[in-house]
$ cat upload.pdb   # PDB, C-alpha atoms
ATOM      1  CA  GLY R   1     137.426  18.252-125.103  1.00  0.00           C
ATOM      2  CA  ALA R   2     134.621  16.911-127.321  1.00  0.00           C
ATOM      3  CA  VAL R   3     135.828  13.343-127.579  1.00  0.00           C
ATOM      4  CA  VAL R   4     133.581  10.681-129.071  1.00  0.00           C
ATOM      5  CA  SER R   5     134.335   6.991-128.825  1.00  0.00           C
ATOM      6  CA  GLN R   6     132.916   3.998-130.640  1.00  0.00           C
ATOM      7  CA  HIS R   7     132.935   0.383-129.662  1.00  0.00           C
ATOM      8  CA  PRO R   8     133.866  -1.973-131.115  1.00  0.00           C
ATOM      9  CA  SER R   9     136.372  -0.558-133.574  1.00  0.00           C
ATOM     10  CA  TRP R  10     135.890  -3.541-135.827  1.00  0.00           C
ATOM     11  CA  VAL R  11     133.669  -6.582-135.886  1.00  0.00           C
ATOM     12  CA  ILE R  12     133.361  -9.686-138.020  1.00  0.00           C
ATOM     13  CA  CYS R  13     130.122 -11.622-137.848  1.00  0.00           C
ATOM     14  CA  LYS R  14     128.234 -14.342-139.647  1.00  0.00           C
ATOM     15  CA  SER R  15     125.353 -13.541-141.932  1.00  0.00           C
ATOM     16  CA  GLY R  16     122.071 -13.447-140.048  1.00  0.00           C
ATOM     17  CA  THR R  17     123.456 -12.299-136.733  1.00  0.00           C
ATOM     18  CA  SER R  18     122.890  -8.914-135.114  1.00  0.00           C
ATOM     19  CA  VAL R  19     125.638  -6.480-134.246  1.00  0.00           C
ATOM     20  CA  LYS R  20     125.477  -3.611-131.786  1.00  0.00           C
ATOM     21  CA  ILE R  21     127.721  -0.584-132.092  1.00  0.00           C
ATOM     22  CA  GLU R  22     128.052   1.938-129.274  1.00  0.00           C
ATOM     23  CA  CYS R  23     128.765   5.632-129.606  1.00  0.00           C
ATOM     24  CA  ARG R  24     129.700   7.633-126.527  1.00  0.00           C
ATOM     25  CA  SER R  25     130.463  11.276-125.950  1.00  0.00           C
ATOM     26  CA  LEU R  26     133.148  11.110-123.275  1.00  0.00           C
ATOM     27  CA  ASP R  27     133.416  14.636-121.987  1.00  0.00           C
ATOM     28  CA  PHE R  28     130.254  16.398-123.011  1.00  0.00           C
ATOM     29  CA  GLN R  29     126.535  15.868-123.191  1.00  0.00           C
ATOM     30  CA  ALA R  30     125.345  15.309-126.726  1.00  0.00           C
ATOM     31  CA  THR R  31     121.832  16.437-127.412  1.00  0.00           C
ATOM     32  CA  THR R  32     121.996  14.907-130.859  1.00  0.00           C
ATOM     33  CA  MET R  33     123.898  12.008-132.316  1.00  0.00           C
ATOM     34  CA  PHE R  34     124.188  11.035-135.937  1.00  0.00           C
ATOM     35  CA  TRP R  35     124.952   7.732-137.600  1.00  0.00           C
ATOM     36  CA  TYR R  36     126.720   7.561-140.954  1.00  0.00           C
ATOM     37  CA  ARG R  37     127.767   4.787-143.255  1.00  0.00           C
ATOM     38  CA  GLN R  38     130.752   4.986-145.548  1.00  0.00           C
ATOM     39  CA  PHE R  39     131.645   2.553-148.311  1.00  0.00           C
ATOM     40  CA  PRO R  40     135.253   2.300-149.529  1.00  0.00           C
ATOM     41  CA  LYS R  41     136.510   5.446-151.230  1.00  0.00           C
ATOM     42  CA  GLN R  42     133.135   7.087-150.905  1.00  0.00           C
ATOM     43  CA  SER R  43     131.745   9.898-148.848  1.00  0.00           C
ATOM     44  CA  LEU R  44     129.760   9.618-145.654  1.00  0.00           C
ATOM     45  CA  MET R  45     126.062   9.059-146.038  1.00  0.00           C
ATOM     46  CA  LEU R  46     123.797   9.998-143.156  1.00  0.00           C
ATOM     47  CA  MET R  47     121.656   7.116-141.975  1.00  0.00           C
ATOM     48  CA  ALA R  48     119.757   8.628-139.068  1.00  0.00           C
ATOM     49  CA  THR R  49     119.592  11.441-136.553  1.00  0.00           C
ATOM     50  CA  SER R  50     119.069  10.565-132.938  1.00  0.00           C
ATOM     51  CA  ASN R  51     117.898  12.826-130.134  1.00  0.00           C
ATOM     52  CA  GLU R  52     118.101  11.689-126.544  1.00  0.00           C
ATOM     53  CA  GLY R  53     114.855  10.208-125.324  1.00  0.00           C
ATOM     54  CA  SER R  54     113.057  10.248-128.650  1.00  0.00           C
ATOM     55  CA  LYS R  55     112.822   8.088-131.717  1.00  0.00           C
ATOM     56  CA  ALA R  56     115.495   8.406-134.342  1.00  0.00           C
ATOM     57  CA  THR R  57     114.782  10.095-137.641  1.00  0.00           C
ATOM     58  CA  TYR R  58     115.901   7.929-140.530  1.00  0.00           C
ATOM     59  CA  GLU R  59     117.032   9.129-143.928  1.00  0.00           C
ATOM     60  CA  GLN R  60     115.177   8.033-147.007  1.00  0.00           C
ATOM     61  CA  GLY R  61     116.084   4.527-148.013  1.00  0.00           C
ATOM     62  CA  VAL R  62     117.377   3.473-144.594  1.00  0.00           C
ATOM     63  CA  GLU R  63     115.335   0.662-143.047  1.00  0.00           C
ATOM     64  CA  LYS R  64     114.518   1.533-139.453  1.00  0.00           C
ATOM     65  CA  ASP R  65     113.744  -2.081-138.579  1.00  0.00           C
ATOM     66  CA  LYS R  66     117.113  -3.185-139.832  1.00  0.00           C
ATOM     67  CA  PHE R  67     119.162  -0.418-138.267  1.00  0.00           C
ATOM     68  CA  LEU R  68     117.830   0.017-134.745  1.00  0.00           C
ATOM     69  CA  ILE R  69     118.958   3.144-132.961  1.00  0.00           C
ATOM     70  CA  ASN R  70     118.634   3.772-129.262  1.00  0.00           C
ATOM     71  CA  HIS R  71     119.672   7.054-127.670  1.00  0.00           C
ATOM     72  CA  ALA R  72     119.110   6.279-124.020  1.00  0.00           C
ATOM     73  CA  SER R  73     121.190   9.037-122.479  1.00  0.00           C
ATOM     74  CA  LEU R  74     122.959  12.255-123.337  1.00  0.00           C
ATOM     75  CA  THR R  75     126.238  10.379-123.688  1.00  0.00           C
ATOM     76  CA  LEU R  76     125.283   7.113-125.373  1.00  0.00           C
ATOM     77  CA  SER R  77     123.650   6.052-128.611  1.00  0.00           C
ATOM     78  CA  THR R  78     123.644   2.546-130.022  1.00  0.00           C
ATOM     79  CA  LEU R  79     123.165   1.255-133.541  1.00  0.00           C
ATOM     80  CA  THR R  80     122.117  -2.366-133.951  1.00  0.00           C
ATOM     81  CA  VAL R  81     122.406  -3.937-137.366  1.00  0.00           C
ATOM     82  CA  THR R  82     119.846  -6.703-137.246  1.00  0.00           C
ATOM     83  CA  SER R  83     120.132  -9.879-139.306  1.00  0.00           C
ATOM     84  CA  ALA R  84     123.274  -8.570-140.940  1.00  0.00           C
ATOM     85  CA  HIS R  85     124.100  -9.575-144.502  1.00  0.00           C
ATOM     86  CA  PRO R  86     127.303  -9.172-146.516  1.00  0.00           C
ATOM     87  CA  GLU R  87     125.944  -6.045-148.186  1.00  0.00           C
ATOM     88  CA  ASP R  88     125.800  -4.411-144.733  1.00  0.00           C
ATOM     89  CA  SER R  89     129.580  -4.611-144.535  1.00  0.00           C
ATOM     90  CA  SER R  90     130.742  -1.040-144.262  1.00  0.00           C
ATOM     91  CA  PHE R  91     132.387   1.565-142.077  1.00  0.00           C
ATOM     92  CA  TYR R  92     129.906   2.988-139.587  1.00  0.00           C
ATOM     93  CA  ILE R  93     130.688   6.355-138.031  1.00  0.00           C
ATOM     94  CA  CYS R  94     128.790   8.231-135.371  1.00  0.00           C
ATOM     95  CA  SER R  95     128.995  11.865-134.468  1.00  0.00           C
ATOM     96  CA  ALA R  96     127.749  13.887-131.542  1.00  0.00           C
ATOM     97  CA  SER R  97     126.691  17.474-131.327  1.00  0.00           C
ATOM     98  CA  ARG R  98     126.314  19.680-128.289  1.00  0.00           C
ATOM     99  CA  ASP R  99     125.306  22.798-130.145  1.00  0.00           C
ATOM    100  CA  SER R 100     123.796  23.679-133.456  1.00  0.00           C
ATOM    101  CA  GLN R 101     126.990  23.657-135.451  1.00  0.00           C
ATOM    102  CA  ALA R 102     130.063  21.482-135.061  1.00  0.00           C
ATOM    103  CA  GLN R 103     129.805  17.735-134.926  1.00  0.00           C
ATOM    104  CA  TYR R 104     132.431  15.578-133.284  1.00  0.00           C
ATOM    105  CA  PHE R 105     133.048  12.253-134.905  1.00  0.00           C
ATOM    106  CA  GLY R 106     133.878   8.896-133.448  1.00  0.00           C
ATOM    107  CA  PRO R 107     136.722   6.804-134.861  1.00  0.00           C
ATOM    108  CA  GLY R 108     134.358   4.513-136.713  1.00  0.00           C
ATOM    109  CA  THR R 109     133.468   0.832-136.619  1.00  0.00           C
ATOM    110  CA  ARG R 110     134.365  -1.451-139.462  1.00  0.00           C
ATOM    111  CA  LEU R 111     131.800  -4.200-139.945  1.00  0.00           C
ATOM    112  CA  LEU R 112     132.471  -7.266-142.034  1.00  0.00           C
ATOM    113  CA  VAL R 113     129.640  -9.707-142.517  1.00  0.00           C
ATOM    114  CA  LEU R 114     130.660 -13.111-143.829  1.00  0.00           C
TER     115      LEU R 114
ATOM    116  CA  SER L   1     120.799  15.180-154.247  1.00  0.00           C
ATOM    117  CA  GLN L   2     122.257  17.897-152.089  1.00  0.00           C
ATOM    118  CA  GLN L   3     125.616  16.246-151.948  1.00  0.00           C
ATOM    119  CA  GLY L   4     128.396  18.629-152.794  1.00  0.00           C
ATOM    120  CA  GLU L   5     130.995  18.022-155.405  1.00  0.00           C
ATOM    121  CA  GLU L   6     134.653  18.319-154.673  1.00  0.00           C
ATOM    122  CA  ASP L   7     137.533  18.586-157.003  1.00  0.00           C
ATOM    123  CA  PRO L   8     139.949  17.283-157.609  1.00  0.00           C
ATOM    124  CA  GLN L   9     138.945  13.789-156.536  1.00  0.00           C
ATOM    125  CA  ALA L  10     142.590  13.045-155.905  1.00  0.00           C
ATOM    126  CA  LEU L  11     145.646  15.243-155.533  1.00  0.00           C
ATOM    127  CA  SER L  12     149.270  14.203-155.277  1.00  0.00           C
ATOM    128  CA  ILE L  13     151.940  16.735-154.288  1.00  0.00           C
ATOM    129  CA  GLN L  14     155.385  16.969-152.718  1.00  0.00           C
ATOM    130  CA  GLU L  15     156.057  18.094-149.176  1.00  0.00           C
ATOM    131  CA  GLY L  16     156.318  21.846-148.943  1.00  0.00           C
ATOM    132  CA  GLU L  17     153.918  22.497-151.799  1.00  0.00           C
ATOM    133  CA  ASN L  18     150.493  24.000-151.329  1.00  0.00           C
ATOM    134  CA  ALA L  19     147.328  21.966-151.831  1.00  0.00           C
ATOM    135  CA  THR L  20     144.048  23.480-152.943  1.00  0.00           C
ATOM    136  CA  MET L  21     140.740  21.668-152.851  1.00  0.00           C
ATOM    137  CA  ASN L  22     137.441  23.012-154.078  1.00  0.00           C
ATOM    138  CA  CYS L  23     133.902  22.302-153.012  1.00  0.00           C
ATOM    139  CA  SER L  24     130.625  23.247-154.650  1.00  0.00           C
ATOM    140  CA  TYR L  25     127.222  22.911-153.069  1.00  0.00           C
ATOM    141  CA  LYS L  26     123.655  23.295-154.210  1.00  0.00           C
ATOM    142  CA  THR L  27     121.505  25.035-151.620  1.00  0.00           C
ATOM    143  CA  SER L  28     121.692  28.138-149.468  1.00  0.00           C
ATOM    144  CA  ILE L  29     123.734  27.612-146.331  1.00  0.00           C
ATOM    145  CA  ASN L  30     124.448  29.319-143.050  1.00  0.00           C
ATOM    146  CA  ASN L  31     127.855  27.725-142.718  1.00  0.00           C
ATOM    147  CA  LEU L  32     130.239  25.338-144.442  1.00  0.00           C
ATOM    148  CA  GLN L  33     132.626  23.001-142.693  1.00  0.00           C
ATOM    149  CA  TRP L  34     135.762  21.151-143.706  1.00  0.00           C
ATOM    150  CA  TYR L  35     136.772  17.801-142.261  1.00  0.00           C
ATOM    151  CA  ARG L  36     139.781  15.538-142.603  1.00  0.00           C
ATOM    152  CA  GLN L  37     139.665  11.760-142.537  1.00  0.00           C
ATOM    153  CA  ASN L  38     142.743   9.625-142.222  1.00  0.00           C
ATOM    154  CA  SER L  39     142.454   6.229-143.858  1.00  0.00           C
ATOM    155  CA  GLY L  40     140.025   4.005-141.989  1.00  0.00           C
ATOM    156  CA  ARG L  41     139.429   6.552-139.270  1.00  0.00           C
ATOM    157  CA  GLY L  42     136.769   8.979-138.146  1.00  0.00           C
ATOM    158  CA  LEU L  43     136.542  12.583-139.186  1.00  0.00           C
ATOM    159  CA  VAL L  44     138.339  15.510-137.655  1.00  0.00           C
ATOM    160  CA  HIS L  45     136.688  18.909-137.780  1.00  0.00           C
ATOM    161  CA  LEU L  46     139.093  21.408-139.330  1.00  0.00           C
ATOM    162  CA  ILE L  47     137.306  24.673-139.766  1.00  0.00           C
ATOM    163  CA  LEU L  48     133.872  26.237-140.038  1.00  0.00           C
ATOM    164  CA  ILE L  49     133.168  29.304-142.126  1.00  0.00           C
ATOM    165  CA  ARG L  50     129.890  31.166-141.795  1.00  0.00           C
ATOM    166  CA  SER L  51     127.901  32.406-144.747  1.00  0.00           C
ATOM    167  CA  ASN L  52     128.732  36.023-143.943  1.00  0.00           C
ATOM    168  CA  GLU L  53     132.468  35.306-143.967  1.00  0.00           C
ATOM    169  CA  ARG L  54     134.575  35.256-147.111  1.00  0.00           C
ATOM    170  CA  GLU L  55     137.833  33.936-145.748  1.00  0.00           C
ATOM    171  CA  LYS L  56     139.077  32.238-142.625  1.00  0.00           C
ATOM    172  CA  HIS L  57     142.472  31.066-141.448  1.00  0.00           C
ATOM    173  CA  SER L  58     143.556  28.410-139.009  1.00  0.00           C
ATOM    174  CA  GLY L  59     147.252  27.655-138.848  1.00  0.00           C
ATOM    175  CA  ARG L  60     148.288  26.408-142.287  1.00  0.00           C
ATOM    176  CA  LEU L  61     144.682  26.232-143.441  1.00  0.00           C
ATOM    177  CA  ARG L  62     142.930  28.922-145.404  1.00  0.00           C
ATOM    178  CA  VAL L  63     139.286  28.574-146.350  1.00  0.00           C
ATOM    179  CA  THR L  64     137.354  30.814-148.686  1.00  0.00           C
ATOM    180  CA  LEU L  65     133.644  30.935-149.300  1.00  0.00           C
ATOM    181  CA  ASP L  66     131.826  32.428-152.274  1.00  0.00           C
ATOM    182  CA  THR L  67     128.109  32.186-151.640  1.00  0.00           C
ATOM    183  CA  SER L  68     127.264  33.706-155.002  1.00  0.00           C
ATOM    184  CA  LYS L  69     128.992  30.806-156.723  1.00  0.00           C
ATOM    185  CA  LYS L  70     128.057  28.305-154.007  1.00  0.00           C
ATOM    186  CA  SER L  71     131.654  27.259-153.692  1.00  0.00           C
ATOM    187  CA  SER L  72     134.416  27.018-151.131  1.00  0.00           C
ATOM    188  CA  SER L  73     138.098  26.234-151.260  1.00  0.00           C
ATOM    189  CA  LEU L  74     140.513  24.796-148.749  1.00  0.00           C
ATOM    190  CA  LEU L  75     144.171  25.689-149.079  1.00  0.00           C
ATOM    191  CA  ILE L  76     146.813  23.839-147.103  1.00  0.00           C
ATOM    192  CA  THR L  77     150.109  25.681-147.206  1.00  0.00           C
ATOM    193  CA  ALA L  78     153.548  24.126-146.829  1.00  0.00           C
ATOM    194  CA  SER L  79     152.089  20.634-146.859  1.00  0.00           C
ATOM    195  CA  ARG L  80     153.553  17.777-144.843  1.00  0.00           C
ATOM    196  CA  ALA L  81     153.404  14.034-145.288  1.00  0.00           C
ATOM    197  CA  ALA L  82     151.113  13.945-142.248  1.00  0.00           C
ATOM    198  CA  ASP L  83     148.539  15.951-144.210  1.00  0.00           C
ATOM    199  CA  THR L  84     147.902  12.864-146.333  1.00  0.00           C
ATOM    200  CA  ALA L  85     144.201  12.149-145.864  1.00  0.00           C
ATOM    201  CA  SER L  86     140.811  12.621-147.439  1.00  0.00           C
ATOM    202  CA  TYR L  87     139.235  16.039-147.084  1.00  0.00           C
ATOM    203  CA  PHE L  88     135.507  16.621-147.116  1.00  0.00           C
ATOM    204  CA  CYS L  89     133.394  19.713-147.156  1.00  0.00           C
ATOM    205  CA  ALA L  90     130.021  19.555-145.446  1.00  0.00           C
ATOM    206  CA  THR L  91     127.020  21.795-145.293  1.00  0.00           C
ATOM    207  CA  PRO L  92     124.152  21.689-142.810  1.00  0.00           C
ATOM    208  CA  ASN L  93     120.866  20.590-144.270  1.00  0.00           C
ATOM    209  CA  THR L  94     117.917  22.901-143.838  1.00  0.00           C
ATOM    210  CA  GLY L  95     116.002  22.600-140.609  1.00  0.00           C
ATOM    211  CA  PHE L  96     118.758  21.291-138.392  1.00  0.00           C
ATOM    212  CA  GLN L  97     122.424  20.585-138.368  1.00  0.00           C
ATOM    213  CA  LYS L  98     122.340  17.392-140.415  1.00  0.00           C
ATOM    214  CA  LEU L  99     125.476  17.509-142.482  1.00  0.00           C
ATOM    215  CA  VAL L 100     125.606  16.756-146.156  1.00  0.00           C
ATOM    216  CA  PHE L 101     129.097  15.748-147.159  1.00  0.00           C
ATOM    217  CA  GLY L 102     130.852  16.382-150.420  1.00  0.00           C
ATOM    218  CA  THR L 103     132.433  13.626-152.421  1.00  0.00           C
ATOM    219  CA  GLY L 104     135.855  14.285-150.928  1.00  0.00           C
ATOM    220  CA  THR L 105     139.384  14.891-152.163  1.00  0.00           C
ATOM    221  CA  ARG L 106     142.089  12.312-151.459  1.00  0.00           C
ATOM    222  CA  LEU L 107     145.333  14.138-150.829  1.00  0.00           C
ATOM    223  CA  LEU L 108     148.685  12.380-150.975  1.00  0.00           C
ATOM    224  CA  VAL L 109     151.734  14.316-149.806  1.00  0.00           C
ATOM    225  CA  SER L 110     155.002  12.624-150.642  1.00  0.00           C
ATOM    226  CA  PRO L 111     158.153  13.262-148.610  1.00  0.00           C
TER     227      PRO L 111
END

$ encode --input "upload.pdb" --output "structure tokens"
Amino acid sequence: GAVVSQHPSWVICKSGTSVKIECRSLDFQATTMFWYRQFPKQSLMLMATSNEGSKATYEQGVEKDKFLINHASLTLSTLTVTSAHPEDSSFYICSASRDSQAQYFGPGTRLLVL
Amino acid sequence: SQQGEEDPQALSIQEGENATMNCSYKTSINNLQWYRQNSGRGLVHLILIRSNEREKHSGRLRVTLDTSKKSSSLLITASRAADTASYFCATPNTGFQKLVFGTGTRLLVSP
């Protein structure tokens, strides 16, 4: 149990376009979902925390208008990278939590902006 | 920054040997977690140790926690090539379960 999926697994887009990444908890209801970004050979950096039905809480330095998060249901959260630029190229990982402790991570989405 | 430090940054061993990774953190915690990440993949939760625990085992994994030194170690015994991955410690931030990840240790196990 506790499987989290992400879609797409990788995406290549042109600079200036918007990209939507989906995160789904497949076999449990996730009260909270988290979005992370990871640059090559670096650790995960939390971007935002998302609770179902409420606005996401963004970490310092993360632009909320650039990284739009929607947590419409207990099994789905989406991250939209708006007007993507090459510096947004990264590995985006979501996680879902159904209790106050363990988080279950998705397989990640690799974004390349040309 | 609350980000933990891990050492070594990279570790290369032979199959069958033990691998030890260390993690230090900065604030008080109620638990510490270890995750594994295969190259280009998501994270897999390995083990959680609570602040009132000193040692925990799970299969070939042994985790210790020393809250007085704000440090933890992960020992993988009898390593296998399939253990090759990056290993991260993570601690919940105050207020909720936001995780703060350490810098990670890249483990390479050669056959």

$ resolve_selection --input "upload.pdb" --expression "the PyMOL selection byres ((chain R) within 7 of (chain L))" --output "ChimeraX atom specification"
/R:42-44,93,100-101,105-108

$ closest_residue --input "upload.pdb" --among "R:Ala56, R:Cys13, R:Val62, R:Val3" --to "Thr78 of chain R" --atoms "only C-alpha atoms"
R:Ala56

$ closest_residue --input "upload.pdb" --among "L:Arg50, L:Arg80, L:Lys70, L:Lys56" --to "Ser28 of chain L" --atoms "all atoms listed in the file"
L:Lys70

$ resolve_selection --input "upload.pdb" --expression "the PyMOL selection byres ((chain R and resi 57) around 12)" --output "PyMOL selection string"
(chain R and resi 32-35+46-52+54-56+58-64+67-71) or (chain L and resi 96+98)

$ resolve_selection --input "upload.pdb" --expression "the PyMOL selection byres ((chain R and resi 84) around 9)" --output "list in words"
Cys13, Lys14, Ser15, Gly16, Thr17, Ser18, Val19, Lys66, Val81, Thr82, Ser83, His85, Pro86, Glu87, Asp88, Ser89 and Val113 of chain R

$ build_atoms --input "upload.pdb" --residues "segment 87-109 of chain R" --atoms "N, CA, C and O atoms" --output "PDB file, in the coordinates of the input"
ATOM      1  N   GLU R  87     126.066  -7.396-147.633  1.00  0.00           N
ATOM      2  CA  GLU R  87     125.944  -6.045-148.186  1.00  0.00           C
ATOM      3  C   GLU R  87     125.901  -4.958-147.115  1.00  0.00           C
ATOM      4  O   GLU R  87     125.990  -3.761-147.431  1.00  0.00           O
ATOM      5  N   ASP R  88     125.764  -5.383-145.845  1.00  0.00           N
ATOM      6  CA  ASP R  88     125.800  -4.411-144.733  1.00  0.00           C
ATOM      7  C   ASP R  88     127.232  -4.120-144.304  1.00  0.00           C
ATOM      8  O   ASP R  88     127.462  -3.238-143.459  1.00  0.00           O
ATOM      9  N   SER R  89     128.177  -4.859-144.866  1.00  0.00           N
ATOM     10  CA  SER R  89     129.580  -4.611-144.535  1.00  0.00           C
ATOM     11  C   SER R  89     129.940  -3.191-144.948  1.00  0.00           C
ATOM     12  O   SER R  89     129.733  -2.779-146.081  1.00  0.00           O
ATOM     13  N   SER R  90     130.464  -2.449-144.002  1.00  0.00           N
ATOM     14  CA  SER R  90     130.742  -1.040-144.262  1.00  0.00           C
ATOM     15  C   SER R  90     131.482  -0.454-143.073  1.00  0.00           C
ATOM     16  O   SER R  90     131.765  -1.155-142.096  1.00  0.00           O
ATOM     17  N   PHE R  91     131.772   0.813-143.167  1.00  0.00           N
ATOM     18  CA  PHE R  91     132.387   1.565-142.077  1.00  0.00           C
ATOM     19  C   PHE R  91     131.296   2.447-141.490  1.00  0.00           C
ATOM     20  O   PHE R  91     130.713   3.270-142.193  1.00  0.00           O
ATOM     21  N   TYR R  92     130.976   2.235-140.234  1.00  0.00           N
ATOM     22  CA  TYR R  92     129.906   2.988-139.587  1.00  0.00           C
ATOM     23  C   TYR R  92     130.524   4.023-138.647  1.00  0.00           C
ATOM     24  O   TYR R  92     131.343   3.688-137.789  1.00  0.00           O
ATOM     25  N   ILE R  93     130.122   5.263-138.826  1.00  0.00           N
ATOM     26  CA  ILE R  93     130.688   6.355-138.031  1.00  0.00           C
ATOM     27  C   ILE R  93     129.562   7.109-137.339  1.00  0.00           C
ATOM     28  O   ILE R  93     128.539   7.416-137.956  1.00  0.00           O
ATOM     29  N   CYS R  94     129.770   7.406-136.073  1.00  0.00           N
ATOM     30  CA  CYS R  94     128.790   8.231-135.371  1.00  0.00           C
ATOM     31  C   CYS R  94     129.391   9.604-135.118  1.00  0.00           C
ATOM     32  O   CYS R  94     130.619   9.791-135.170  1.00  0.00           O
ATOM     33  N   SER R  95     128.528  10.550-134.891  1.00  0.00           N
ATOM     34  CA  SER R  95     128.995  11.865-134.468  1.00  0.00           C
ATOM     35  C   SER R  95     128.041  12.386-133.404  1.00  0.00           C
ATOM     36  O   SER R  95     126.901  11.935-133.291  1.00  0.00           O
ATOM     37  N   ALA R  96     128.547  13.314-132.620  1.00  0.00           N
ATOM     38  CA  ALA R  96     127.749  13.887-131.542  1.00  0.00           C
ATOM     39  C   ALA R  96     127.842  15.398-131.599  1.00  0.00           C
ATOM     40  O   ALA R  96     128.901  15.953-131.922  1.00  0.00           O
ATOM     41  N   SER R  97     126.736  16.026-131.293  1.00  0.00           N
ATOM     42  CA  SER R  97     126.691  17.474-131.327  1.00  0.00           C
ATOM     43  C   SER R  97     126.167  18.010-130.014  1.00  0.00           C
ATOM     44  O   SER R  97     125.211  17.473-129.453  1.00  0.00           O
ATOM     45  N   ARG R  98     126.785  19.062-129.523  1.00  0.00           N
ATOM     46  CA  ARG R  98     126.314  19.680-128.289  1.00  0.00           C
ATOM     47  C   ARG R  98     125.784  21.084-128.540  1.00  0.00           C
ATOM     48  O   ARG R  98     125.334  21.745-127.641  1.00  0.00           O
ATOM     49  N   ASP R  99     125.881  21.510-129.781  1.00  0.00           N
ATOM     50  CA  ASP R  99     125.306  22.798-130.145  1.00  0.00           C
ATOM     51  C   ASP R  99     124.786  22.672-131.560  1.00  0.00           C
ATOM     52  O   ASP R  99     124.702  21.583-132.092  1.00  0.00           O
ATOM     53  N   SER R 100     124.461  23.768-132.155  1.00  0.00           N
ATOM     54  CA  SER R 100     123.796  23.679-133.456  1.00  0.00           C
ATOM     55  C   SER R 100     124.770  23.660-134.629  1.00  0.00           C
ATOM     56  O   SER R 100     124.356  23.734-135.767  1.00  0.00           O
ATOM     57  N   GLN R 101     126.059  23.560-134.340  1.00  0.00           N
ATOM     58  CA  GLN R 101     126.990  23.657-135.451  1.00  0.00           C
ATOM     59  C   GLN R 101     127.954  22.483-135.552  1.00  0.00           C
ATOM     60  O   GLN R 101     127.710  21.558-136.288  1.00  0.00           O
ATOM     61  N   ALA R 102     129.040  22.505-134.848  1.00  0.00           N
ATOM     62  CA  ALA R 102     130.063  21.482-135.061  1.00  0.00           C
ATOM     63  C   ALA R 102     129.611  20.115-134.582  1.00  0.00           C
ATOM     64  O   ALA R 102     128.901  19.989-133.577  1.00  0.00           O
ATOM     65  N   GLN R 103     130.013  19.116-135.335  1.00  0.00           N
ATOM     66  CA  GLN R 103     129.805  17.735-134.926  1.00  0.00           C
ATOM     67  C   GLN R 103     131.170  17.128-134.632  1.00  0.00           C
ATOM     68  O   GLN R 103     132.149  17.431-135.305  1.00  0.00           O
ATOM     69  N   TYR R 104     131.194  16.251-133.665  1.00  0.00           N
ATOM     70  CA  TYR R 104     132.431  15.578-133.284  1.00  0.00           C
ATOM     71  C   TYR R 104     132.269  14.101-133.595  1.00  0.00           C
ATOM     72  O   TYR R 104     131.310  13.467-133.140  1.00  0.00           O
ATOM     73  N   PHE R 105     133.203  13.589-134.363  1.00  0.00           N
ATOM     74  CA  PHE R 105     133.048  12.253-134.905  1.00  0.00           C
ATOM     75  C   PHE R 105     133.802  11.207-134.094  1.00  0.00           C
ATOM     76  O   PHE R 105     134.885  11.462-133.569  1.00  0.00           O
ATOM     77  N   GLY R 106     133.197  10.032-134.034  1.00  0.00           N
ATOM     78  CA  GLY R 106     133.878   8.896-133.448  1.00  0.00           C
ATOM     79  C   GLY R 106     134.873   8.323-134.446  1.00  0.00           C
ATOM     80  O   GLY R 106     134.896   8.719-135.616  1.00  0.00           O
ATOM     81  N   PRO R 107     135.686   7.378-133.996  1.00  0.00           N
ATOM     82  CA  PRO R 107     136.722   6.804-134.861  1.00  0.00           C
ATOM     83  C   PRO R 107     136.202   5.791-135.863  1.00  0.00           C
ATOM     84  O   PRO R 107     136.948   5.348-136.731  1.00  0.00           O
ATOM     85  N   GLY R 108     134.932   5.441-135.754  1.00  0.00           N
ATOM     86  CA  GLY R 108     134.358   4.513-136.713  1.00  0.00           C
ATOM     87  C   GLY R 108     134.424   3.062-136.277  1.00  0.00           C
ATOM     88  O   GLY R 108     135.250   2.669-135.458  1.00  0.00           O
ATOM     89  N   THR R 109     133.513   2.283-136.846  1.00  0.00           N
ATOM     90  CA  THR R 109     133.468   0.832-136.619  1.00  0.00           C
ATOM     91  C   THR R 109     133.402   0.145-137.967  1.00  0.00           C
ATOM     92  O   THR R 109     132.510   0.432-138.767  1.00  0.00           O
TER      93      THR R 109
END
